[in-house]
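Shown below: coords-v5.tsv, with TSV, C-alpha atoms.
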```tsv
chain	number	residue	atom	x	y	z
A	1	MET	CA	81.92	87.39	115.88
A	2	GLY	CA	85.13	87.67	113.93
A	3	SER	CA	85.88	90.91	112.13
A	4	HIS	CA	83.43	93.29	110.58
A	5	VAL	CA	84.48	96.39	108.66
A	6	ARG	CA	82.56	98.98	106.66
A	7	LEU	CA	83.44	102.05	104.65
A	8	GLU	CA	80.58	104.47	105.31
A	9	PRO	CA	79.73	107.29	102.89
A	10	ALA	CA	76.88	108.62	105.07
A	11	ALA	CA	76.65	109.69	108.71
A	12	LEU	CA	78.09	107.29	111.26
A	13	SER	CA	76.25	106.74	114.54
A	14	PRO	CA	78.71	105.49	117.19
A	15	GLU	CA	75.82	104.64	119.53
A	16	ALA	CA	74.14	102.42	116.94
A	17	GLU	CA	77.46	100.76	115.99
A	18	LEU	CA	78.27	99.98	119.63
A	19	ALA	CA	74.77	98.67	120.35
A	20	GLY	CA	74.87	96.45	117.25
A	21	PHE	CA	78.35	95.18	118.11
A	22	ILE	CA	77.33	94.26	121.67
A	23	ARG	CA	74.13	92.56	120.45
A	24	GLY	CA	76.20	90.28	118.24
A	25	LEU	CA	78.47	89.05	121.03
A	26	ASP	CA	78.16	85.70	122.68
A	27	SER	CA	80.11	85.10	125.87
A	28	ASP	CA	82.57	88.02	126.03
A	29	GLY	CA	83.19	89.91	129.24
A	30	ALA	CA	84.75	93.11	127.87
A	31	VAL	CA	84.12	95.61	125.08
A	32	VAL	CA	86.37	98.59	124.35
A	33	SER	CA	85.32	101.11	121.72
A	34	PHE	CA	86.91	104.23	120.29
A	35	VAL	CA	85.22	107.07	118.41
A	36	GLY	CA	87.23	109.56	116.36
A	37	LEU	CA	85.55	112.93	115.79
A	38	ALA	CA	86.33	115.57	113.16
A	39	ARG	CA	88.04	118.43	115.01
A	40	PRO	CA	86.77	121.98	114.50
A	41	ALA	CA	90.35	123.35	114.44
A	42	ASP	CA	93.57	122.35	112.67
A	43	ALA	CA	96.97	121.77	114.29
A	44	SER	CA	97.70	125.50	114.41
A	45	GLY	CA	94.27	126.44	115.78
A	46	GLY	CA	92.70	127.62	112.51
A	47	ALA	CA	89.02	126.93	111.95
A	48	VAL	CA	88.25	123.78	109.96
A	49	THR	CA	85.05	123.98	107.92
A	50	GLY	CA	85.08	120.29	106.97
A	51	LEU	CA	87.07	117.19	106.14
A	52	TYR	CA	87.08	115.22	102.93
A	53	LEU	CA	88.16	111.57	102.92
A	54	ASP	CA	89.17	110.20	99.54
A	55	SER	CA	89.10	106.41	99.11
A	56	TYR	CA	90.06	103.77	96.54
A	57	PRO	CA	86.93	101.63	96.07
A	58	GLY	CA	87.70	98.01	96.85
A	59	MET	CA	91.23	98.62	98.03
A	60	THR	CA	90.18	100.81	100.95
A	61	GLU	CA	87.76	98.16	102.23
A	62	ALA	CA	90.47	95.52	101.80
A	63	SER	CA	92.91	97.61	103.87
A	64	LEU	CA	90.32	97.94	106.67
A	65	SER	CA	89.70	94.18	106.59
A	66	GLY	CA	93.41	93.45	106.73
A	67	ILE	CA	93.86	95.67	109.80
A	68	ALA	CA	90.86	94.10	111.56
A	69	GLU	CA	92.06	90.57	110.78
A	70	ASP	CA	95.54	91.43	112.07
A	71	ALA	CA	93.98	92.61	115.36
A	72	LEU	CA	91.99	89.37	115.65
A	73	GLY	CA	95.09	87.31	115.06
A	74	ARG	CA	97.29	89.29	117.39
A	75	PHE	CA	95.20	89.65	120.54
A	76	ALA	CA	92.95	87.33	122.54
A	77	VAL	CA	89.83	89.04	121.19
A	78	SER	CA	86.78	87.32	119.74
A	79	ALA	CA	85.39	90.18	117.65
A	80	VAL	CA	86.49	93.50	116.16
A	81	HIS	CA	84.33	96.07	114.43
A	82	VAL	CA	85.60	99.00	112.36
A	83	VAL	CA	83.53	101.61	110.54
A	84	HIS	CA	85.33	104.43	108.73
A	85	ARG	CA	83.73	107.39	107.02
A	86	CYS	CA	84.56	108.42	103.49
A	87	GLY	CA	83.51	111.55	101.61
A	88	ALA	CA	82.63	114.84	103.30
A	89	VAL	CA	82.63	114.95	107.11
A	90	ALA	CA	81.55	118.02	109.09
A	91	PRO	CA	83.35	119.16	112.27
A	92	GLY	CA	82.00	117.28	115.29
A	93	GLU	CA	80.87	114.28	113.24
A	94	ALA	CA	82.29	110.81	113.86
A	95	ILE	CA	84.99	109.80	111.37
A	96	VAL	CA	85.84	106.39	112.74
A	97	PHE	CA	84.44	103.78	115.12
A	98	ALA	CA	86.67	100.93	116.27
A	99	ALA	CA	85.72	98.33	118.86
A	100	ALA	CA	87.05	95.06	120.19
A	101	ALA	CA	85.43	92.41	122.38
A	102	ALA	CA	87.22	89.83	124.48
A	103	PRO	CA	86.68	87.48	127.39
A	104	HIS	CA	88.85	89.82	129.51
A	105	ARG	CA	89.43	93.57	129.30
A	106	ARG	CA	93.20	93.82	128.70
A	107	ALA	CA	93.10	92.24	125.26
A	108	ALA	CA	90.13	94.42	124.27
A	109	PHE	CA	91.96	97.62	125.33
A	110	GLU	CA	95.11	96.58	123.47
A	111	ALA	CA	93.26	95.56	120.32
A	112	ALA	CA	91.34	98.86	120.17
A	113	ASP	CA	94.59	100.81	120.65
A	114	TYR	CA	96.26	98.72	117.93
A	115	LEU	CA	93.33	99.18	115.53
A	116	MET	CA	93.56	102.97	115.78
A	117	ASP	CA	97.35	103.10	115.39
A	118	ARG	CA	97.10	100.95	112.27
A	119	LEU	CA	94.11	102.90	110.88
A	120	LYS	CA	96.01	106.20	111.17
A	121	THR	CA	98.88	105.01	108.99
A	122	ASP	CA	97.74	101.95	107.00
A	123	ALA	CA	94.08	102.51	106.07
A	124	MET	CA	93.81	103.31	102.38
A	125	LEU	CA	92.31	106.76	102.93
A	126	TRP	CA	93.41	110.31	102.25
A	127	LYS	CA	92.18	113.14	104.46
A	128	ARG	CA	91.87	116.75	103.32
A	129	GLU	CA	91.26	119.48	105.85
A	130	ASP	CA	89.23	122.39	104.46
A	131	GLY	CA	89.45	125.77	106.20
A	132	ILE	CA	88.58	129.35	105.44
A	133	ASP	CA	92.15	129.94	104.27
A	134	GLY	CA	92.22	126.92	101.95
A	135	SER	CA	92.68	123.18	102.01
A	136	ARG	CA	95.51	120.86	102.87
A	137	TRP	CA	96.03	117.12	102.60
A	138	ILE	CA	97.02	115.50	105.89
A	139	GLU	CA	99.93	113.09	106.08
A	140	PRO	CA	100.76	110.81	109.02
A	141	SER	CA	102.79	112.74	111.60
A	142	GLU	CA	105.98	111.50	113.24
A	143	ALA	CA	103.85	110.78	116.32
A	144	ASP	CA	101.48	108.65	114.21
A	145	ARG	CA	104.42	106.71	112.76
A	146	ALA	CA	105.90	106.21	116.22
A	147	ASP	CA	102.52	104.96	117.50
A	148	ARG	CA	102.36	102.52	114.60
A	149	ALA	CA	105.94	101.38	115.20
A	150	ARG	CA	105.12	100.41	118.80
A	151	TRP	CA	103.46	97.27	117.40
A	152	SER	CA	106.11	96.20	114.92
A	153	GLY	CA	109.44	97.74	115.82
A	154	ARG	CA	109.60	99.24	112.34
A	155	CYS	CA	107.70	101.78	110.27
A	156	PRO	CA	105.49	100.47	107.45
A	157	ASP	CA	107.16	102.73	104.93
B	1	MET	CA	95.45	102.41	79.62
B	2	LYS	CA	93.82	104.15	82.56
B	3	ILE	CA	95.91	105.26	85.51
B	4	LEU	CA	94.11	106.16	88.75
B	5	PHE	CA	95.19	108.88	91.18
B	6	PHE	CA	94.02	109.43	94.76
B	7	GLY	CA	94.24	112.03	97.50
B	8	SER	CA	96.37	115.07	96.64
B	9	LEU	CA	97.43	113.38	93.38
B	10	GLY	CA	93.81	112.94	92.33
B	11	GLU	CA	93.09	116.56	93.13
B	12	ARG	CA	96.08	117.77	91.10
B	13	ILE	CA	95.78	115.39	88.12
B	14	GLY	CA	92.18	114.14	88.15
B	15	ARG	CA	90.93	110.68	89.12
B	16	GLU	CA	91.85	109.00	85.83
B	17	LEU	CA	94.29	109.53	83.02
B	18	ASP	CA	94.56	107.58	79.78
B	19	VAL	CA	98.17	106.79	78.94
B	20	ALA	CA	99.62	104.79	76.05
B	21	LEU	CA	101.87	101.98	77.24
B	22	PRO	CA	104.29	99.87	75.16
B	23	GLU	CA	102.83	96.44	74.41
B	24	ALA	CA	105.67	94.78	76.30
B	25	GLY	CA	104.92	96.95	79.31
B	26	CYS	CA	107.34	99.10	81.29
B	27	THR	CA	108.53	99.36	84.87
B	28	VAL	CA	106.84	101.50	87.50
B	29	ALA	CA	109.87	103.82	87.39
B	30	GLU	CA	109.54	104.22	83.60
B	31	LEU	CA	105.81	104.83	83.90
B	32	ARG	CA	106.49	107.52	86.51
B	33	ALA	CA	108.93	109.25	84.13
B	34	ARG	CA	106.39	109.12	81.28
B	35	LEU	CA	103.67	110.57	83.49
B	36	ALA	CA	105.94	113.32	84.79
B	37	GLU	CA	106.75	114.26	81.19
B	38	ALA	CA	103.07	114.31	80.23
B	39	LEU	CA	102.07	116.21	83.39
B	40	PRO	CA	104.81	118.73	84.16
B	41	ALA	CA	102.55	120.51	86.68
B	42	ALA	CA	102.40	117.33	88.77
B	43	ALA	CA	105.94	116.06	88.10
B	44	ASP	CA	107.13	116.88	91.63
B	45	LEU	CA	104.34	114.81	93.21
B	46	LEU	CA	104.69	111.93	90.75
B	47	THR	CA	108.44	111.49	90.97
B	48	GLY	CA	108.72	112.08	94.72
B	49	PRO	CA	109.25	109.07	97.00
B	50	SER	CA	105.95	109.65	98.81
B	51	ALA	CA	103.80	108.66	95.80
B	52	ARG	CA	103.56	104.88	95.72
B	53	ALA	CA	102.36	102.79	92.80
B	54	CYS	CA	99.74	100.05	93.00
B	55	ILE	CA	99.40	97.30	90.39
B	56	ASP	CA	96.09	95.44	90.49
B	57	ARG	CA	95.47	96.84	93.99
B	58	GLU	CA	98.81	95.81	95.50
B	59	ILE	CA	101.55	98.29	96.35
B	60	ALA	CA	104.32	97.64	93.84
B	61	PRO	CA	108.08	98.35	93.86
B	62	GLU	CA	109.78	100.61	91.29
B	63	GLU	CA	111.16	97.71	89.28
B	64	ALA	CA	107.78	95.94	88.95
B	65	LEU	CA	106.55	95.48	85.39
B	66	VAL	CA	103.37	97.29	84.38
B	67	LEU	CA	101.46	95.54	81.59
B	68	PRO	CA	98.56	96.81	79.47
B	69	GLY	CA	95.24	95.77	81.02
B	70	GLN	CA	96.39	95.95	84.62
B	71	GLU	CA	94.83	98.38	87.09
B	72	ILE	CA	97.45	100.96	87.96
B	73	ALA	CA	97.12	103.62	90.64
B	74	PHE	CA	99.40	106.16	92.26
B	75	ILE	CA	98.76	106.95	95.92
B	76	PRO	CA	100.17	109.63	98.24
B	77	PRO	CA	100.84	108.96	101.97
B	78	LEU	CA	97.80	107.54	103.76
B	79	SER	CA	95.88	109.40	106.44
B	80	GLY	CA	92.93	107.63	108.02
B	81	GLY	CA	91.59	107.69	111.55
```
Starting from the file, give its structure as C-alpha coordinates.
Amino acid sequence: MGSHVRLEPAALSPEAELAGFIRGLDSDGAVVSFVGLARPADASGGAVTGLYLDSYPGMTEASLSGIAEDALGRFAVSAVHVVHRCGAVAPGEAIVFAAAAAPHRRAAFEAADYLMDRLKTDAMLWKREDGIDGSRWIEPSEADRADRARWSGRCPD
Amino acid sequence: MKILFFGSLGERIGRELDVALPEAGCTVAELRARLAEALPAAADLLTGPSARACIDREIAPEEALVLPGQEIAFIPPLSGG
(Lines of atoms letter the chains of each structure in order from A and count residues from 1; the text may use other names and numbers.)
(Lines give C-alpha, C1' and ligand atoms only; values in the text may rest on other atoms or scores of the structure.)
Protein backbone atom coordinates (compact mmCIF):
# COMPACT_ATOMS: atom_id res chain seq x y z
CA MET A 1 0.00 0.00 0.00
CA GLY A 2 1.13 3.58 -0.41
CA SER A 3 3.68 4.37 -3.07
CA HIS A 4 6.48 2.18 -4.29
CA VAL A 5 9.03 3.32 -6.87
CA ARG A 6 12.18 1.74 -8.27
CA LEU A 7 14.85 2.75 -10.75
CA GLU A 8 15.73 -0.48 -12.55
CA PRO A 9 19.09 -0.96 -14.30
CA ALA A 10 18.22 -4.48 -15.53
CA ALA A 11 15.31 -5.91 -17.52
CA LEU A 12 11.84 -4.96 -16.34
CA SER A 13 9.09 -7.59 -16.37
CA PRO A 14 5.69 -5.87 -16.51
CA GLU A 15 3.94 -9.17 -15.76
CA ALA A 16 5.94 -9.70 -12.57
CA GLU A 17 5.47 -6.06 -11.49
CA LEU A 18 1.70 -6.25 -12.00
CA ALA A 19 1.42 -9.60 -10.21
CA GLY A 20 3.46 -8.30 -7.27
CA PHE A 21 1.44 -5.09 -7.10
CA ILE A 22 -1.88 -6.97 -7.04
CA ARG A 23 -0.59 -9.41 -4.41
CA GLY A 24 0.16 -6.49 -2.10
CA LEU A 25 -3.32 -5.00 -2.27
CA ASP A 26 -5.89 -5.32 0.45
CA SER A 27 -9.46 -4.32 -0.35
CA ASP A 28 -9.19 -2.43 -3.66
CA GLY A 29 -11.62 -3.05 -6.48
CA ALA A 30 -9.65 -1.60 -9.42
CA VAL A 31 -6.12 -1.72 -10.80
CA VAL A 32 -4.97 0.22 -13.87
CA SER A 33 -1.47 -0.35 -15.22
CA PHE A 34 0.52 1.16 -18.07
CA VAL A 35 3.59 -0.27 -19.79
CA GLY A 36 5.82 1.89 -21.96
CA LEU A 37 7.88 0.01 -24.57
CA ALA A 38 10.99 1.16 -26.44
CA ARG A 39 9.87 1.85 -30.01
CA PRO A 40 11.84 0.33 -32.89
CA ALA A 41 11.52 3.54 -34.94
CA ASP A 42 12.04 7.25 -34.22
CA ALA A 43 9.57 10.07 -34.90
CA SER A 44 10.55 10.22 -38.57
CA GLY A 45 10.43 6.44 -39.09
CA GLY A 46 14.18 5.76 -38.88
CA ALA A 47 15.31 2.52 -37.26
CA VAL A 48 16.24 2.80 -33.59
CA THR A 49 18.91 0.35 -32.47
CA GLY A 50 18.53 1.15 -28.77
CA LEU A 51 17.77 3.70 -26.08
CA TYR A 52 20.02 4.91 -23.32
CA LEU A 53 18.54 6.43 -20.16
CA ASP A 54 20.92 8.56 -18.13
CA SER A 55 20.05 9.13 -14.47
CA TYR A 56 21.27 11.15 -11.47
CA PRO A 57 21.71 8.61 -8.65
CA GLY A 58 19.59 9.61 -5.68
CA MET A 59 17.89 12.52 -7.37
CA THR A 60 16.22 10.37 -10.02
CA GLU A 61 14.73 8.07 -7.39
CA ALA A 62 13.59 11.12 -5.41
CA SER A 63 11.84 12.54 -8.49
CA LEU A 64 10.01 9.22 -9.04
CA SER A 65 8.96 9.16 -5.37
CA GLY A 66 7.71 12.74 -5.56
CA ILE A 67 5.56 11.97 -8.61
CA ALA A 68 4.13 8.82 -6.99
CA GLU A 69 3.36 10.66 -3.74
CA ASP A 70 1.67 13.46 -5.69
CA ALA A 71 -0.57 10.87 -7.39
CA LEU A 72 -1.47 9.34 -4.02
CA GLY A 73 -2.35 12.72 -2.62
CA ARG A 74 -4.32 13.86 -5.62
CA PHE A 75 -6.59 10.90 -6.40
CA ALA A 76 -8.66 8.50 -4.32
CA VAL A 77 -6.13 5.71 -4.83
CA SER A 78 -4.67 3.49 -2.13
CA ALA A 79 -1.48 2.39 -3.88
CA VAL A 80 0.75 3.42 -6.79
CA HIS A 81 3.70 1.53 -8.20
CA VAL A 82 6.29 2.94 -10.61
CA VAL A 83 9.31 1.17 -12.05
CA HIS A 84 11.49 3.02 -14.56
CA ARG A 85 14.42 1.60 -16.47
CA CYS A 86 17.80 3.29 -16.59
CA GLY A 87 20.82 2.41 -18.73
CA ALA A 88 20.60 0.64 -22.09
CA VAL A 89 17.16 -0.48 -23.29
CA ALA A 90 16.65 -2.51 -26.48
CA PRO A 91 13.72 -1.89 -28.86
CA GLY A 92 10.64 -3.79 -27.68
CA GLU A 93 11.75 -3.86 -24.04
CA ALA A 94 9.68 -2.23 -21.31
CA ILE A 95 10.98 1.20 -20.24
CA VAL A 96 8.38 2.06 -17.66
CA PHE A 97 5.66 0.40 -15.61
CA ALA A 98 3.12 2.55 -13.78
CA ALA A 99 0.10 1.25 -11.89
CA ALA A 100 -2.53 2.57 -9.52
CA ALA A 101 -5.05 0.74 -7.34
CA ALA A 102 -8.25 2.18 -5.93
CA PRO A 103 -11.57 1.13 -4.47
CA HIS A 104 -13.22 2.25 -7.74
CA ARG A 105 -11.89 2.35 -11.30
CA ARG A 106 -12.14 6.06 -12.20
CA ALA A 107 -9.52 7.19 -9.71
CA ALA A 108 -7.19 4.37 -10.80
CA PHE A 109 -7.49 5.36 -14.48
CA GLU A 110 -6.88 9.02 -13.68
CA ALA A 111 -3.93 8.34 -11.41
CA ALA A 112 -2.22 6.11 -14.01
CA ASP A 113 -2.76 8.79 -16.69
CA TYR A 114 -1.38 11.45 -14.33
CA LEU A 115 1.65 9.31 -13.41
CA MET A 116 2.65 8.94 -17.07
CA ASP A 117 2.17 12.63 -17.91
CA ARG A 118 4.34 13.59 -14.96
CA LEU A 119 6.97 10.91 -15.71
CA LYS A 120 7.37 12.18 -19.29
CA THR A 121 8.29 15.69 -18.19
CA ASP A 122 9.33 15.60 -14.51
CA ALA A 123 11.22 12.34 -13.95
CA MET A 124 14.92 13.05 -13.57
CA LEU A 125 15.93 11.00 -16.61
CA TRP A 126 17.50 11.77 -19.96
CA LYS A 127 16.74 9.57 -22.96
CA ARG A 128 19.06 9.12 -25.92
CA GLU A 129 17.82 7.44 -29.07
CA ASP A 130 20.55 5.53 -30.92
CA GLY A 131 20.06 4.77 -34.61
CA ILE A 132 22.16 3.68 -37.54
CA ASP A 133 22.59 7.33 -38.54
CA GLY A 134 23.68 8.49 -35.08
CA SER A 135 22.25 9.41 -31.71
CA ARG A 136 20.02 12.15 -30.43
CA TRP A 137 18.87 13.23 -26.98
CA ILE A 138 15.10 13.41 -26.65
CA GLU A 139 13.43 16.45 -25.11
CA PRO A 140 9.78 16.68 -24.02
CA SER A 141 7.61 17.58 -27.01
CA GLU A 142 4.95 20.29 -27.04
CA ALA A 143 2.40 17.47 -26.78
CA ASP A 144 4.16 16.13 -23.66
CA ARG A 145 4.13 19.60 -22.09
CA ALA A 146 0.46 20.06 -22.96
CA ASP A 147 -0.34 16.65 -21.41
CA ARG A 148 1.52 17.68 -18.26
CA ALA A 149 -0.25 21.05 -18.17
CA ARG A 150 -3.67 19.35 -18.12
CA TRP A 151 -3.06 18.62 -14.43
CA SER A 152 -1.79 21.99 -13.31
CA GLY A 153 -2.86 24.67 -15.74
CA ARG A 154 0.78 25.64 -16.16
CA CYS A 155 3.97 24.11 -17.51
CA PRO A 156 6.61 23.01 -14.99
CA ASP A 157 9.28 25.03 -16.73
CA MET B 1 34.98 21.39 -6.52
CA LYS B 2 33.27 18.76 -8.62
CA ILE B 3 30.47 19.72 -10.98
CA LEU B 4 28.24 16.95 -12.36
CA PHE B 5 26.70 16.88 -15.83
CA PHE B 6 23.89 14.66 -17.11
CA GLY B 7 22.22 13.71 -20.38
CA SER B 8 23.54 15.57 -23.43
CA LEU B 9 25.69 17.75 -21.15
CA GLY B 10 27.34 14.69 -19.63
CA GLU B 11 28.01 13.29 -23.07
CA ARG B 12 29.57 16.54 -24.28
CA ILE B 13 31.54 17.46 -21.14
CA GLY B 14 31.94 14.22 -19.18
CA ARG B 15 30.17 13.21 -15.96
CA GLU B 16 32.39 15.27 -13.65
CA LEU B 17 34.57 18.33 -13.88
CA ASP B 18 36.79 19.80 -11.18
CA VAL B 19 36.45 23.57 -11.01
CA ALA B 20 38.07 26.06 -8.63
CA LEU B 21 35.51 28.22 -6.86
CA PRO B 22 36.12 31.40 -4.84
CA GLU B 23 35.99 30.71 -1.10
CA ALA B 24 33.04 33.07 -0.73
CA GLY B 25 31.21 31.18 -3.45
CA CYS B 26 29.56 32.60 -6.57
CA THR B 27 26.11 32.65 -8.10
CA VAL B 28 24.83 29.99 -10.48
CA ALA B 29 25.01 32.58 -13.29
CA GLU B 30 28.67 33.32 -12.49
CA LEU B 31 29.48 29.62 -12.32
CA ARG B 32 27.85 29.14 -15.73
CA ALA B 33 30.04 31.91 -17.19
CA ARG B 34 33.18 30.35 -15.68
CA LEU B 35 32.29 26.93 -17.07
CA ALA B 36 31.51 28.33 -20.50
CA GLU B 37 34.92 30.03 -20.53
CA ALA B 38 36.67 26.82 -19.47
CA LEU B 39 34.67 24.68 -21.93
CA PRO B 40 34.18 26.71 -25.11
CA ALA B 41 33.01 23.60 -27.00
CA ALA B 42 30.06 23.27 -24.60
CA ALA B 43 29.43 26.99 -24.01
CA ASP B 44 26.21 26.98 -26.06
CA LEU B 45 24.71 24.15 -23.97
CA LEU B 46 25.90 25.59 -20.65
CA THR B 47 24.67 29.13 -21.14
CA GLY B 48 21.39 28.23 -22.84
CA PRO B 49 18.18 28.46 -20.81
CA SER B 50 17.49 24.73 -21.14
CA ALA B 51 20.40 23.71 -18.87
CA ARG B 52 19.25 24.02 -15.27
CA ALA B 53 21.48 24.02 -12.22
CA CYS B 54 20.98 21.86 -9.14
CA ILE B 55 22.51 22.67 -5.75
CA ASP B 56 22.56 19.76 -3.31
CA ARG B 57 19.99 17.96 -5.49
CA GLU B 58 17.49 20.81 -5.71
CA ILE B 59 16.91 22.82 -8.87
CA ALA B 60 18.33 26.27 -8.16
CA PRO B 61 17.68 29.73 -9.66
CA GLU B 62 20.39 31.78 -11.40
CA GLU B 63 20.92 34.08 -8.43
CA ALA B 64 21.41 31.21 -5.93
CA LEU B 65 24.78 31.15 -4.20
CA VAL B 66 27.06 28.19 -4.89
CA LEU B 67 29.45 27.43 -2.03
CA PRO B 68 32.50 25.14 -1.95
CA GLY B 69 31.51 21.68 -0.70
CA GLN B 70 28.02 21.70 -2.16
CA GLU B 71 26.95 19.16 -4.79
CA ILE B 72 26.42 21.04 -8.03
CA ALA B 73 24.96 19.58 -11.21
CA PHE B 74 23.80 20.92 -14.55
CA ILE B 75 20.89 19.14 -16.19
CA PRO B 76 19.35 19.44 -19.68
CA PRO B 77 15.56 19.07 -20.27
CA LEU B 78 14.17 15.86 -18.79
CA SER B 79 12.79 13.01 -20.87
CA GLY B 80 11.45 9.99 -19.02
CA GLY B 81 8.56 7.68 -19.80
What residues in chain A have any atom no more than 12 Å from chain B when counting all atoms listed in the file, and can you write them as an MDAnalysis selection string? chainID A and resid 7 34:39 51:64 82:87 94:98 113:129 135:141 144:145 156:157
If you take every atom of stretch 64-68 of chain B that the file lists and fit an axis-aligned box around them with 6 Å extra on each side, what centre and edge lengths come out in Å to one decimal, as JSON?
```
{"center_x": 103.2, "center_y": 96.4, "center_z": 84.2, "size_x": 21.2, "size_y": 13.8, "size_z": 21.5}
```
Can you measure atom CA of B:Leu46 to atom CA of B:Gln70 for me? One decimal in Å is fine.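 Interatomic distance here is 19.0 Å.
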From atom CA of A:Val32 to atom CA of A:Phe109 the spacing works out at 5.8 Å
With a distance cut-off of 9 Å and only C-alpha atoms, select the neighbouring residues of stretch 33-41 of chain B, excluding the residue or stretch itself and same-chain residues fewer than 6 positions from it, and output the selection as number ranges by chain. B: 12-13, 19, 47
Neighbours of point (101.7, 94.1, 89.8) within 12 Å, using all atoms listed in the file, written as a short mmCIF file (atom, residue, chain, number, x, y, z; two decimals) with C-alpha atoms, in the frame of the given file:
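As a result, out-v4.cif now contains:
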```cif
data_model
loop_
_atom_site.label_atom_id
_atom_site.label_comp_id
_atom_site.auth_asym_id
_atom_site.auth_seq_id
_atom_site.Cartn_x
_atom_site.Cartn_y
_atom_site.Cartn_z
CA GLY B 25 104.92 96.95 79.31
CA CYS B 26 107.34 99.10 81.29
CA THR B 27 108.53 99.36 84.87
CA VAL B 28 106.84 101.50 87.50
CA ALA B 53 102.36 102.79 92.80
CA CYS B 54 99.74 100.05 93.00
CA ILE B 55 99.40 97.30 90.39
CA ASP B 56 96.09 95.44 90.49
CA ARG B 57 95.47 96.84 93.99
CA GLU B 58 98.81 95.81 95.50
CA ILE B 59 101.55 98.29 96.35
CA ALA B 60 104.32 97.64 93.84
CA PRO B 61 108.08 98.35 93.86
CA GLU B 62 109.78 100.61 91.29
CA GLU B 63 111.16 97.71 89.28
CA ALA B 64 107.78 95.94 88.95
CA LEU B 65 106.55 95.48 85.39
CA VAL B 66 103.37 97.29 84.38
CA LEU B 67 101.46 95.54 81.59
CA PRO B 68 98.56 96.81 79.47
CA GLY B 69 95.24 95.77 81.02
CA GLN B 70 96.39 95.95 84.62
CA GLU B 71 94.83 98.38 87.09
CA ILE B 72 97.45 100.96 87.96
CA ALA B 73 97.12 103.62 90.64
#
```
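Nearest residue to B:Asp18 among B:Leu45, B:Met1, B:Leu31, B:Ala51 is B:Met1, counting all atoms listed in the file.
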Which distance in Å separates atom CA of B:Ala24 and atom CA of B:Ile3, to one decimal? 17.0 Å
Top pick for closest residue to A:Asp42, considering A:Ala146, A:Ile132, A:Ala88, A:Val77 and counting all atoms listed in the file: A:Ile132
Within 12 Å of (91.0, 131.3, 101.5), only C-alpha atoms: residues as a CSV table (one decimal) with C-alpha atoms, in the frame of the given file?
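The resulting file, result15.csv, is shown below:
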```
chain,number,residue,atom,x,y,z
A,46,GLY,CA,92.7,127.6,112.5
A,47,ALA,CA,89.0,126.9,112.0
A,48,VAL,CA,88.2,123.8,110.0
A,49,THR,CA,85.0,124.0,107.9
A,130,ASP,CA,89.2,122.4,104.5
A,131,GLY,CA,89.4,125.8,106.2
A,132,ILE,CA,88.6,129.4,105.4
A,133,ASP,CA,92.2,129.9,104.3
A,134,GLY,CA,92.2,126.9,102.0
A,135,SER,CA,92.7,123.2,102.0
A,136,ARG,CA,95.5,120.9,102.9
```
Just want the 7 Å neighbourhood of A:His81, counted on all atoms listed in the file, with same-chain residues fewer than 6 positions away dropped. Output as a ChimeraX atom specification. /A:3-5,98-100
